[in-house]
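Q: Compact mmCIF, C-alpha atoms and all ligand atoms, file work38.txt:
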# COMPACT_ATOMS: atom_id res chain seq x y z
CA MET R 217 -12.96 -29.69 27.27
CA SER R 218 -9.27 -30.26 27.76
CA GLY R 219 -6.25 -30.82 25.63
CA ILE R 220 -2.50 -30.57 25.70
CA ALA R 221 -2.75 -26.77 25.39
CA LEU R 222 -4.77 -26.38 28.59
CA ASP R 223 -2.49 -28.70 30.58
CA ILE R 224 0.67 -26.95 29.40
CA ALA R 225 -0.77 -23.47 29.94
CA ARG R 226 -1.62 -24.39 33.53
CA GLU R 227 1.88 -25.76 34.16
CA LEU R 228 3.57 -22.73 32.60
CA ILE R 229 1.50 -20.31 34.69
CA THR R 230 2.67 -21.96 37.93
CA VAL R 231 6.30 -21.01 37.12
CA ASP R 232 7.08 -17.47 38.27
CA THR R 233 8.77 -15.71 35.33
CA ARG R 234 8.22 -12.05 36.28
CA ALA R 235 11.90 -11.30 36.60
CA GLY R 236 13.70 -14.06 34.72
CA GLY R 237 13.59 -17.75 35.55
CA GLU R 238 12.27 -18.62 32.08
CA THR R 239 14.58 -21.66 31.88
CA GLU R 240 12.30 -23.59 34.26
CA ALA R 241 9.28 -22.93 32.01
CA ALA R 242 11.31 -23.64 28.87
CA GLU R 243 12.35 -27.03 30.33
CA LEU R 244 8.67 -28.02 30.75
CA LEU R 245 8.16 -27.51 27.01
CA ARG R 246 11.43 -29.21 26.08
CA ALA R 247 10.40 -32.30 28.09
CA LEU R 248 7.00 -32.37 26.38
CA PHE R 249 8.67 -32.32 22.96
CA ALA R 250 11.33 -34.88 23.98
CA ASP R 251 8.51 -37.28 25.01
CA ARG R 252 7.16 -37.05 21.48
CA ASN R 253 10.52 -37.29 19.67
CA ILE R 254 10.41 -33.67 18.53
CA SER R 255 13.86 -32.13 18.47
CA ALA R 256 14.00 -29.29 21.02
CA ALA R 257 16.60 -27.41 23.05
CA VAL R 258 16.69 -24.78 25.78
CA LEU R 259 19.09 -21.96 24.89
CA GLU R 260 20.18 -19.49 27.57
CA SER R 261 21.39 -15.96 26.86
CA GLN R 262 22.24 -15.66 30.58
CA PRO R 263 21.94 -18.15 33.44
CA GLY R 264 18.22 -18.80 34.04
CA ARG R 265 17.14 -16.79 30.97
CA GLY R 266 16.29 -19.72 28.72
CA SER R 267 14.21 -19.87 25.54
CA VAL R 268 12.98 -23.13 24.04
CA VAL R 269 13.40 -23.87 20.34
CA ALA R 270 11.67 -26.90 18.79
CA ILE R 271 12.01 -27.92 15.14
CA LEU R 272 10.09 -30.05 12.68
CA PRO R 273 12.40 -30.26 9.64
CA GLY R 274 10.96 -29.60 6.20
CA GLY R 275 11.73 -28.85 2.57
CA PRO R 276 13.74 -25.97 1.14
CA GLU R 277 11.16 -23.18 1.44
CA ALA R 278 11.68 -20.53 4.13
CA GLY R 279 10.53 -21.80 7.53
CA LEU R 280 7.54 -20.75 9.59
CA LEU R 281 8.27 -19.60 13.15
CA LEU R 282 5.61 -19.81 15.87
CA HIS R 283 6.67 -17.22 18.43
CA SER R 284 5.51 -16.63 21.99
CA HIS R 285 7.29 -15.61 25.20
CA LEU R 286 7.68 -17.17 28.61
CA ASP R 287 8.36 -14.10 30.76
CA THR R 288 5.44 -12.09 32.12
CA ALA R 289 4.55 -8.68 33.49
CA GLY R 290 4.61 -8.22 37.29
CA PHE R 291 1.65 -8.93 39.57
CA GLY R 292 0.94 -5.41 40.89
CA LYS R 293 -0.96 -5.52 44.18
CA ILE R 294 -1.45 -9.19 44.97
CA GLU R 295 -4.63 -8.53 47.00
CA GLN R 296 -6.33 -7.27 43.82
CA TRP R 297 -6.22 -10.79 42.34
CA LYS R 298 -9.30 -12.94 43.00
CA HIS R 299 -7.42 -15.97 41.65
CA SER R 300 -3.75 -16.20 42.60
CA PRO R 301 -1.49 -15.19 39.66
CA LEU R 302 0.50 -18.43 39.92
CA SER R 303 -2.47 -20.75 40.48
CA GLY R 304 -3.37 -21.82 36.96
CA GLN R 305 -6.87 -22.26 38.38
CA VAL R 306 -9.79 -23.09 36.09
CA ASP R 307 -13.01 -21.45 37.23
CA ASN R 308 -16.30 -21.26 35.34
CA GLY R 309 -14.75 -22.05 31.96
CA ARG R 310 -11.76 -19.72 32.32
CA LEU R 311 -8.09 -20.34 33.05
CA TYR R 312 -6.64 -17.76 35.47
CA GLY R 313 -3.11 -16.58 36.12
CA ARG R 314 -0.38 -14.20 34.98
CA GLY R 315 0.46 -15.01 31.37
CA ALA R 316 -2.87 -16.71 30.54
CA LEU R 317 -3.21 -14.34 27.55
CA ASP R 318 0.24 -12.73 27.48
CA CYS R 319 1.77 -15.04 26.52
CA LYS R 320 1.90 -18.50 28.16
CA GLY R 321 -1.52 -19.37 26.75
CA LEU R 322 -0.15 -18.83 23.25
CA ALA R 323 3.04 -20.80 24.03
CA ALA R 324 0.81 -23.72 25.06
CA VAL R 325 -1.35 -23.40 21.94
CA HIS R 326 1.78 -23.40 19.74
CA ALA R 327 3.09 -26.47 21.58
CA GLU R 328 -0.11 -28.40 20.84
CA VAL R 329 -0.02 -27.28 17.19
CA MET R 330 3.58 -28.61 16.92
CA THR R 331 2.63 -31.99 18.40
CA ARG R 332 -0.42 -32.29 16.12
CA VAL R 333 1.62 -31.47 12.99
CA HIS R 334 4.29 -33.96 14.10
CA GLY R 335 1.55 -36.57 14.61
CA LEU R 336 0.44 -36.26 10.97
CA ASP R 337 3.77 -37.81 9.95
CA LEU R 338 3.69 -36.06 6.56
CA PRO R 339 6.54 -34.38 4.65
CA LEU R 340 6.61 -30.61 5.20
CA ARG R 341 7.52 -28.28 2.36
CA ARG R 342 9.12 -25.88 4.85
CA PRO R 343 10.39 -26.30 8.43
CA LEU R 344 8.10 -25.49 11.34
CA ILE R 345 9.91 -23.95 14.30
CA LEU R 346 8.56 -23.06 17.71
CA LEU R 347 10.23 -20.38 19.82
CA ALA R 348 8.96 -19.56 23.31
CA SER R 349 11.42 -16.90 24.33
CA ALA R 350 12.77 -15.16 27.41
CA GLY R 351 12.84 -11.43 28.08
CA GLU R 352 10.11 -10.09 25.78
CA GLU R 353 8.69 -7.73 28.38
CA THR R 354 12.12 -6.10 28.73
CA GLY R 355 12.71 -5.56 25.00
CA GLY R 356 13.74 -8.97 23.66
CA THR R 357 17.54 -8.65 23.97
CA LEU R 358 17.72 -11.75 26.21
CA GLY R 359 15.41 -13.83 24.00
CA SER R 360 14.32 -13.13 20.44
CA GLN R 361 17.17 -10.77 19.54
CA TYR R 362 19.73 -13.12 21.08
CA LEU R 363 18.34 -16.06 19.10
CA LEU R 364 18.08 -14.12 15.83
CA ALA R 365 21.81 -13.43 16.20
CA ASN R 366 22.86 -16.87 17.46
CA ASN R 367 20.54 -19.50 16.02
CA ASP R 368 20.60 -20.28 12.31
CA ASP R 369 17.27 -22.12 12.29
CA ILE R 370 15.52 -19.03 13.61
CA ALA R 371 17.50 -16.56 11.51
CA ARG R 372 16.58 -18.52 8.36
CA CYS R 373 12.81 -18.39 8.99
CA GLY R 374 10.99 -16.21 6.49
CA HIS R 375 7.60 -16.05 8.20
CA VAL R 376 6.46 -15.53 11.76
CA LEU R 377 3.15 -16.00 13.55
CA GLY R 378 3.29 -14.28 16.93
CA GLU R 379 1.20 -12.41 19.46
CA GLY R 380 -0.56 -9.07 19.08
CA GLY R 381 -3.78 -9.67 17.12
CA GLY R 382 -6.50 -12.23 16.57
CA TYR R 383 -9.52 -11.08 18.53
CA PRO R 384 -12.69 -10.75 16.48
CA LEU R 385 -14.14 -7.25 16.19
CA ASN R 386 -17.75 -8.40 16.19
CA ASP R 387 -19.88 -10.82 18.18
CA ARG R 388 -21.67 -12.72 15.46
CA SER R 389 -20.61 -14.75 12.44
CA PRO R 390 -19.13 -13.88 9.98
CA PHE R 391 -16.26 -12.79 12.21
CA ARG R 392 -13.74 -10.12 11.35
CA TYR R 393 -10.50 -11.14 13.06
CA THR R 394 -7.80 -8.56 13.64
CA VAL R 395 -4.30 -9.48 12.49
CA GLN R 396 -1.36 -7.41 13.67
CA THR R 397 0.62 -6.21 10.66
CA GLY R 398 2.70 -3.51 12.35
CA GLU R 399 3.39 -1.60 15.53
CA PHE R 400 3.33 2.09 16.35
CA GLY R 401 6.39 4.23 16.03
CA ARG R 402 6.99 7.47 17.89
CA PHE R 403 7.85 10.62 16.04
CA GLU R 404 8.94 13.93 17.50
CA PHE R 405 8.58 17.31 15.79
CA PRO R 406 11.48 19.69 16.35
CA THR R 407 9.32 22.84 16.39
CA GLU R 408 5.68 23.86 16.58
CA ASP R 409 5.94 25.21 13.01
CA ASP R 410 7.08 21.84 11.69
CA GLU R 411 4.14 20.23 13.38
CA ALA R 412 1.69 22.80 12.01
CA SER R 413 2.87 22.26 8.44
CA PHE R 414 2.68 18.50 8.91
CA TRP R 415 -0.98 18.70 9.96
CA LYS R 416 -1.76 21.08 7.10
CA GLY R 417 -0.43 18.48 4.66
CA LEU R 418 -2.31 15.74 6.46
CA MET R 419 -5.65 17.48 6.06
CA LYS R 420 -5.19 17.39 2.27
CA SER R 421 -4.49 13.64 2.36
CA PRO R 422 -6.96 10.77 1.92
CA ILE R 423 -6.97 10.22 5.68
CA ALA R 424 -9.06 13.37 6.03
CA GLY R 425 -11.72 11.71 3.90
CA LEU R 426 -11.70 8.74 6.24
CA PHE R 427 -12.47 10.92 9.25
CA GLN R 428 -15.24 12.63 7.34
CA ALA R 429 -16.77 9.26 6.46
CA LEU R 430 -16.54 8.22 10.10
CA TRP R 431 -18.39 11.30 11.29
CA GLU R 432 -21.09 10.67 8.75
CA GLY R 433 -21.71 7.29 10.39
CA THR R 434 -20.94 5.11 7.38
CA TYR R 435 -19.66 2.18 9.44
CA SER R 436 -21.04 -0.46 11.77
CA PRO R 437 -20.54 0.36 15.47
CA GLU R 438 -17.83 -2.24 16.06
CA LEU R 439 -15.80 -1.20 13.04
CA TYR R 440 -16.30 2.42 14.01
CA ARG R 441 -14.91 1.74 17.50
CA HIS R 442 -11.94 -0.09 16.04
CA LEU R 443 -11.21 2.66 13.53
CA MET R 444 -11.44 5.32 16.20
CA GLY R 445 -9.00 3.36 18.32
CA GLN R 446 -6.66 3.26 15.35
CA ALA R 447 -7.29 6.90 14.57
CA PHE R 448 -6.33 8.04 18.07
CA GLY R 449 -2.82 6.99 17.23
CA LEU R 450 -2.82 9.57 14.48
CA PHE R 451 -3.17 12.47 16.89
CA PRO R 452 -0.14 13.88 18.65
CA THR R 453 -0.07 13.21 22.36
CA ARG R 454 2.24 14.32 25.13
CA LEU R 455 4.81 12.03 26.68
CA ASP R 456 7.24 13.35 29.29
CA GLY R 457 6.15 16.89 28.36
CA LYS R 458 7.18 16.43 24.72
CA LYS R 459 4.77 16.35 21.84
CA ILE R 460 4.90 13.04 20.05
CA PHE R 461 3.13 11.67 17.03
CA THR R 462 2.26 7.98 17.15
CA PRO R 463 1.23 6.90 13.68
CA GLU R 464 0.45 3.31 12.85
CA CYS R 465 3.11 2.58 10.35
CA ARG R 466 6.01 0.57 9.04
CA TRP R 467 8.89 1.12 6.67
CA GLN R 468 8.85 -0.45 3.26
CA ASP R 469 11.19 0.25 0.34
CA GLY R 470 12.35 3.53 1.86
CA VAL R 471 8.95 5.05 2.56
CA MET R 472 6.78 5.04 5.62
CA ILE R 473 3.48 3.32 5.00
CA VAL R 474 0.41 3.80 7.15
CA ASP R 475 -2.22 1.14 6.72
CA THR R 476 -5.62 1.77 8.21
CA PRO R 477 -8.45 -0.71 7.83
CA PHE R 478 -11.06 1.21 5.94
CA SER R 479 -14.02 -1.06 5.39
CA GLY R 480 -14.06 -4.85 5.43
CA GLU R 481 -10.88 -5.93 3.74
CA HIS R 482 -10.09 -2.57 2.16
CA TRP R 483 -7.20 -0.63 3.59
CA LEU R 484 -6.39 2.99 3.36
CA ARG R 485 -2.73 3.21 2.42
CA TRP R 486 -0.94 6.40 3.18
CA ARG R 487 2.66 7.03 2.20
CA PHE R 488 5.36 9.44 3.34
CA GLY R 489 8.58 9.90 1.45
CA PRO R 490 11.73 10.41 3.53
CA ASP R 491 11.54 14.19 2.96
CA ALA R 492 8.24 14.28 4.83
CA ASN R 493 10.17 13.58 8.02
CA ALA R 494 10.68 17.01 9.48
CA GLY R 495 11.43 15.58 12.88
CA LYS R 496 12.97 12.44 14.25
CA TRP R 497 11.78 9.03 15.29
CA THR R 498 12.24 8.47 19.00
CA MET R 499 11.02 4.90 18.45
CA PRO R 500 11.04 4.01 14.75
CA PRO R 501 8.27 1.81 13.41
CA PRO R 502 9.51 -1.62 12.35
CA LYS R 503 10.35 -2.29 8.72
CA GLY R 504 7.70 -3.97 6.64
CA SER R 505 8.31 -7.11 4.68
CA SER R 506 7.30 -7.24 1.04
CA GLN R 507 6.38 -10.93 1.36
CA ASN R 508 2.73 -11.71 1.89
CA LYS R 509 2.49 -15.47 1.43
CA LEU R 510 1.50 -16.09 5.01
CA MET R 511 -1.11 -13.34 4.92
CA ASP R 512 -2.62 -14.93 1.80
CA VAL R 513 -2.90 -18.29 3.56
CA LEU R 514 -4.43 -16.68 6.66
CA ARG R 515 -6.97 -14.84 4.55
CA ASP R 516 -7.85 -17.96 2.50
CA THR R 517 -8.23 -20.15 5.58
CA LEU R 518 -10.60 -17.66 7.24
CA LYS R 519 -12.47 -17.08 3.99
CA LYS R 520 -13.27 -20.79 3.72
CA GLN R 521 -14.98 -20.49 7.10
CA GLY R 522 -16.86 -17.39 5.91
CA ASN R 523 -14.75 -15.09 8.11
CA SER R 524 -12.35 -12.28 7.22
CA LEU R 525 -9.28 -10.39 8.44
CA VAL R 526 -8.85 -6.78 9.50
CA PRO R 527 -5.20 -5.62 9.43
CA HIS R 528 -4.36 -3.82 12.63
CA VAL R 529 -1.41 -1.94 14.07
CA SER R 530 -1.08 -2.27 17.81
CA PRO R 531 0.04 0.51 20.14
CA GLY R 532 2.18 -1.79 22.30
CA HIS R 533 5.64 -3.03 21.40
CA SER R 534 6.50 -6.70 21.15
CA ASP R 535 9.24 -8.92 19.76
CA ASN R 536 7.40 -8.82 16.43
CA ARG R 537 9.42 -5.71 15.57
CA HIS R 538 12.70 -7.66 15.79
CA PHE R 539 11.43 -10.23 13.30
CA ARG R 540 10.08 -7.52 10.99
CA ASN R 541 13.37 -5.66 11.15
CA ALA R 542 15.13 -8.92 10.18
CA GLY R 543 13.02 -8.94 6.99
CA MET R 544 10.60 -11.71 8.03
CA GLU R 545 6.93 -11.58 7.16
CA THR R 546 5.48 -11.24 10.67
CA LEU R 547 1.83 -11.38 11.66
CA GLY R 548 0.40 -11.14 15.17
CA PHE R 549 -2.41 -13.70 15.33
CA PHE R 550 -3.61 -15.34 18.54
CA PRO R 551 -7.24 -15.94 17.56
CA LEU R 552 -9.74 -15.75 20.41
CA SER R 553 -13.42 -16.51 20.59
CA SER R 554 -15.95 -13.73 20.22
CA GLY R 555 -16.82 -12.17 23.55
CA GLU R 556 -13.33 -12.92 24.94
CA ARG R 557 -12.74 -10.14 27.43
CA LEU R 558 -9.01 -9.68 26.83
CA ALA R 559 -9.06 -9.73 30.60
CA GLY R 560 -6.17 -8.54 32.68
CA ILE R 561 -3.26 -8.29 30.24
CA HIS R 562 -0.61 -6.62 32.45
CA GLY R 563 -3.50 -6.05 34.95
CA TYR R 564 -5.40 -8.08 37.54
CA ASP R 565 -7.03 -11.49 37.32
CA GLU R 566 -5.62 -12.22 33.86
CA SER R 567 -7.57 -15.06 32.25
CA ILE R 568 -8.47 -16.80 29.02
CA SER R 569 -11.59 -18.83 28.28
CA LEU R 570 -11.14 -22.54 27.55
CA VAL R 571 -13.21 -21.94 24.41
CA SER R 572 -10.56 -19.49 23.19
CA LEU R 573 -7.73 -21.92 23.94
CA ARG R 574 -9.45 -24.59 21.84
CA LEU R 575 -10.40 -22.19 19.04
CA ALA R 576 -6.84 -20.81 18.84
CA THR R 577 -5.37 -24.32 18.69
CA ASP R 578 -7.76 -25.55 15.98
CA LEU R 579 -7.51 -22.43 13.83
CA LEU R 580 -3.73 -22.08 14.08
CA PHE R 581 -3.33 -25.79 13.32
CA GLU R 582 -5.37 -25.34 10.14
CA ILE R 583 -3.43 -22.23 9.09
CA VAL R 584 -0.07 -23.89 9.80
CA CYS R 585 -1.07 -27.01 7.83
CA ASN R 586 -2.19 -24.91 4.88
CA PHE R 587 1.15 -23.09 4.93
CA ILE R 588 3.65 -25.90 5.46
CA LEU R 589 2.15 -28.95 3.80
CA GLY R 590 2.47 -29.51 0.07
CA LYS R 591 -0.73 -29.66 -1.99
CA LYS R 592 -0.59 -33.47 -2.21
CA CYS R 593 -0.28 -33.81 1.55
CA LEU R 594 -3.10 -31.36 2.08
CA SER R 595 -5.48 -33.47 0.04
CA VAL R 596 -4.49 -36.52 2.10
CA LEU R 597 -5.23 -34.53 5.22
CA THR R 598 -8.67 -33.42 4.10
CA LEU R 599 -9.78 -36.84 2.83
ZN ZN Z 1 3.34 -10.42 25.16
Written as structure tokens, that's how I'd like the structure from this file.
A:
Amino acid sequence: MSGIALDIARELITVDTRAGGETEAAELLRALFADRNISAAVLESQPGRGSVVAILPGGPEAGLLLHSHLDTAGFGKIEQWKHSPLSGQVDNGRLYGRGALDCKGLAAVHAEVMTRVHGLDLPLRRPLILLASAGEETGGTLGSQYLLANNDDIARCGHVLGEGGGYPLNDRSPFRYTVQTGEFGRFEFPTEDDEASFWKGLMKSPIAGLFQALWEGTYSPELYRHLMGQAFGLFPTRLDGKKIFTPECRWQDGVMIVDTPFSGEHWLRWRFGPDANAGKWTMPPPKGSSQNKLMDVLRDTLKKQGNSLVPHVSPGHSDNRHFRNAGMETLGFFPLSSGERLAGIHGYDESISLVSLRLATDLLFEIVCNFILGKKCLSVLTL
């Protein structure tokens, strides 16, 4: 089992991008696109800090951006790695190395999706743009934020598929894939009294009913585990000695919305007006977008396969927040095969199975086609 995605992922992993140097990795992708007559450029915010942007032009509808990043976390203690972090070694059906999952594997998957769409040679009803950016691990100022401010093709995109979700919650078909719809914010209460009154109000809210249902064992074990993981974000924790509240939330139309997957495709939606904010956000949750065209296509594509989506808010921060804050519909979706171990993200012996690489490429290709091809073209494609 091999494809363009595996070859590119291996090449990208061999470039050390822990502390910059993304231009070298970006050039690998630019060369791949140039070979296939896909328009692509490497854009540097600073010397060596390059991001690659590739474009398939399309009709007047708002473009779809495939976003990944080329920089990686550090290696930690090198002796803890069984496979060298820069090796790109394939062993027993898995590709090893720093960035295999976060996020060079996804950059490679996106690159193959671009080349496959280009190969169809069909008119697109909206442009398809690939961005593999620099500087995500350090907040995005040298990559995504720089490009949002300086590149019209990216700024004009209305929809983004990025990292941050996609693993299935269960082991057997039908699969329930997570899709990242938001990221945690951090909220600080000024006084203990403010916090006490907040929790008093919370206990009267529908969320209290959710916890009750959980304790009564209404849900399957895997959904229960997922919900508990989500729920932990709803409890205040201590950071640097200060009490913080980390709800899963986003801003939409002036109110904070908390979406918690409740059961199957049902969400529990929980709203705060601005007056509910007794304290201050130390890290505000990103704004939500009121568009949901991409989400509809994702849901329909999975439904046709008999699978479904579980909206999910991740505790980590990624460049997705920059796109959300720019008003783009942004979903984190890097679909992986069931049983994928999510091994070693920011840890040791990071790896991805070759099965996941293939599944992600096939599924994202289908979703992208459903979103950017007109109906006529789609019927040509399926014939
Ligand atoms: Zn990442």
Q: Return as a PyMOL selection string the residues of protein, DNA or RNA that approach ligand ZN 1 (chain Z) to within 7 Å, with only C-alpha atoms and all ligand atoms taken into account.
A: chain R and resi 285+318-319+352-353+379+534
Q: Looking at only C-alpha atoms, which of R:His283, R:Arg265, R:His299, R:Arg252 is the one that sits closest to Tyr564 of chain R?
A: R:His299
Q: Quote the spacing between atom CA of Leu377 of chain R and atom CA of Leu272 of chain R in Å to one decimal place.
A: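 These atoms are spaced 15.7 Å apart.
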Q: Using only C-alpha atoms, find the one residue out of R:Lys293, R:Arg226, R:Lys509, R:Arg540 that sits nearest to Lys320 of chain R.
A: R:Arg226
Q: Please identify all polymer residues within 6 Å of segment 384-394 of chain R, counting only C-alpha atoms, omitting same-chain residues fewer than 2 positions from it, and present them as an MDAnalysis selection string.
A: chainID R and resid 381:382 522:528 554
Q: Which residue out of R:Arg515, R:Arg372, R:Arg314, R:Arg246 has the minimum interatomic distance to Thr288 of chain R when all atoms listed in the file are used?
A: R:Arg314
Q: Name the residues in contact with His538 of chain R at a cut-off of 12 Å, using all atoms listed in the file, excluding same-chain residues fewer than 2 positions from it; report them as a PyMOL selection string.
A: chain R and resi 283+352+355-357+359-365+370-371+376+378+398-399+500-505+533-536+540-546
Q: Given the selection you just returned, output its residues as a file containing C-alpha atoms, formatted as a PDB file, in the frame of the given file.
A:
ATOM      1  CA  HIS R 283       6.670 -17.220  18.430  1.00  0.00           C
ATOM      2  CA  GLU R 352      10.110 -10.090  25.780  1.00  0.00           C
ATOM      3  CA  GLY R 355      12.710  -5.560  25.000  1.00  0.00           C
ATOM      4  CA  GLY R 356      13.740  -8.970  23.660  1.00  0.00           C
ATOM      5  CA  THR R 357      17.540  -8.650  23.970  1.00  0.00           C
ATOM      6  CA  GLY R 359      15.410 -13.830  24.000  1.00  0.00           C
ATOM      7  CA  SER R 360      14.320 -13.130  20.440  1.00  0.00           C
ATOM      8  CA  GLN R 361      17.170 -10.770  19.540  1.00  0.00           C
ATOM      9  CA  TYR R 362      19.730 -13.120  21.080  1.00  0.00           C
ATOM     10  CA  LEU R 363      18.340 -16.060  19.100  1.00  0.00           C
ATOM     11  CA  LEU R 364      18.080 -14.120  15.830  1.00  0.00           C
ATOM     12  CA  ALA R 365      21.810 -13.430  16.200  1.00  0.00           C
ATOM     13  CA  ILE R 370      15.520 -19.030  13.610  1.00  0.00           C
ATOM     14  CA  ALA R 371      17.500 -16.560  11.510  1.00  0.00           C
ATOM     15  CA  VAL R 376       6.460 -15.530  11.760  1.00  0.00           C
ATOM     16  CA  GLY R 378       3.290 -14.280  16.930  1.00  0.00           C
ATOM     17  CA  GLY R 398       2.700  -3.510  12.350  1.00  0.00           C
ATOM     18  CA  GLU R 399       3.390  -1.600  15.530  1.00  0.00           C
ATOM     19  CA  PRO R 500      11.040   4.010  14.750  1.00  0.00           C
ATOM     20  CA  PRO R 501       8.270   1.810  13.410  1.00  0.00           C
ATOM     21  CA  PRO R 502       9.510  -1.620  12.350  1.00  0.00           C
ATOM     22  CA  LYS R 503      10.350  -2.290   8.720  1.00  0.00           C
ATOM     23  CA  GLY R 504       7.700  -3.970   6.640  1.00  0.00           C
ATOM     24  CA  SER R 505       8.310  -7.110   4.680  1.00  0.00           C
ATOM     25  CA  HIS R 533       5.640  -3.030  21.400  1.00  0.00           C
ATOM     26  CA  SER R 534       6.500  -6.700  21.150  1.00  0.00           C
ATOM     27  CA  ASP R 535       9.240  -8.920  19.760  1.00  0.00           C
ATOM     28  CA  ASN R 536       7.400  -8.820  16.430  1.00  0.00           C
ATOM     29  CA  ARG R 540      10.080  -7.520  10.990  1.00  0.00           C
ATOM     30  CA  ASN R 541      13.370  -5.660  11.150  1.00  0.00           C
ATOM     31  CA  ALA R 542      15.130  -8.920  10.180  1.00  0.00           C
ATOM     32  CA  GLY R 543      13.020  -8.940   6.990  1.00  0.00           C
ATOM     33  CA  MET R 544      10.600 -11.710   8.030  1.00  0.00           C
ATOM     34  CA  GLU R 545       6.930 -11.580   7.160  1.00  0.00           C
ATOM     35  CA  THR R 546       5.480 -11.240  10.670  1.00  0.00           C
TER      36      THR R 546
END
Q: Rounded to one decimal in Å, what is the spacing between atom CA of Gly560 of chain R and atom CA of Gly309 of chain R?
A: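 Pair atom CA of Gly560 of chain R / atom CA of Gly309 of chain R returns 16.0 Å.
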Q: So the first atom is atom CA of Thr397 of chain R and the second is atom CA of Asn508 of chain R; what is the distance between them in Å, to one decimal place?
A: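 Result for atom CA of Thr397 of chain R versus atom CA of Asn508 of chain R: 10.6 Å, one decimal.
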Q: Around segment 305-314 of chain R, fit a box with edges along x, y and z, padding it by 6 Å on each side, then list its centre and edge lengths in Å to one decimal as AutoDock Vina command-line options.
A:
--center_x -8.3 --center_y -18.6 --center_z 35.2 --size_x 27.9 --size_y 20.9 --size_z 18.4
Q: So that I can check the surroundings of Thr239 of chain R, please list as a PyMOL selection string every protein, DNA and RNA residue that reaches within 10 Å of it, counting all atoms listed in the file and ignoring chain neighbours fewer than 5 positions away.
A: chain R and resi 231+233+244-245+258-260+262-268+286-287+349-350
Q: Would you mind telling me which residue in R:Gly563, R:Gly219, R:Gly279, R:Gly321 lies nearest to Ala348 of chain R when using only C-alpha atoms?
A: R:Gly321
Q: Nearest to Leu552 of chain R among R:Cys585, R:Ile568, R:Gln521, R:Tyr383, with distances taken over all atoms listed in the file: which residue is it?
A: R:Tyr383
Q: Excluding His326 of chain R and any residue of its chain fewer than 2 positions from it, enumerate the residues within 9 Å of it, using all atoms listed in the file, and give them as a list in words.
A: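 Non-adjacent residues within range: Ala221, Leu282, His283, Ser284, Gly321, Leu322, Ala323, Ala324, Glu328, Val329, Met330, Thr331, Leu346, Leu347, Ala348, Thr577, Leu580 and Phe581 of chain R.
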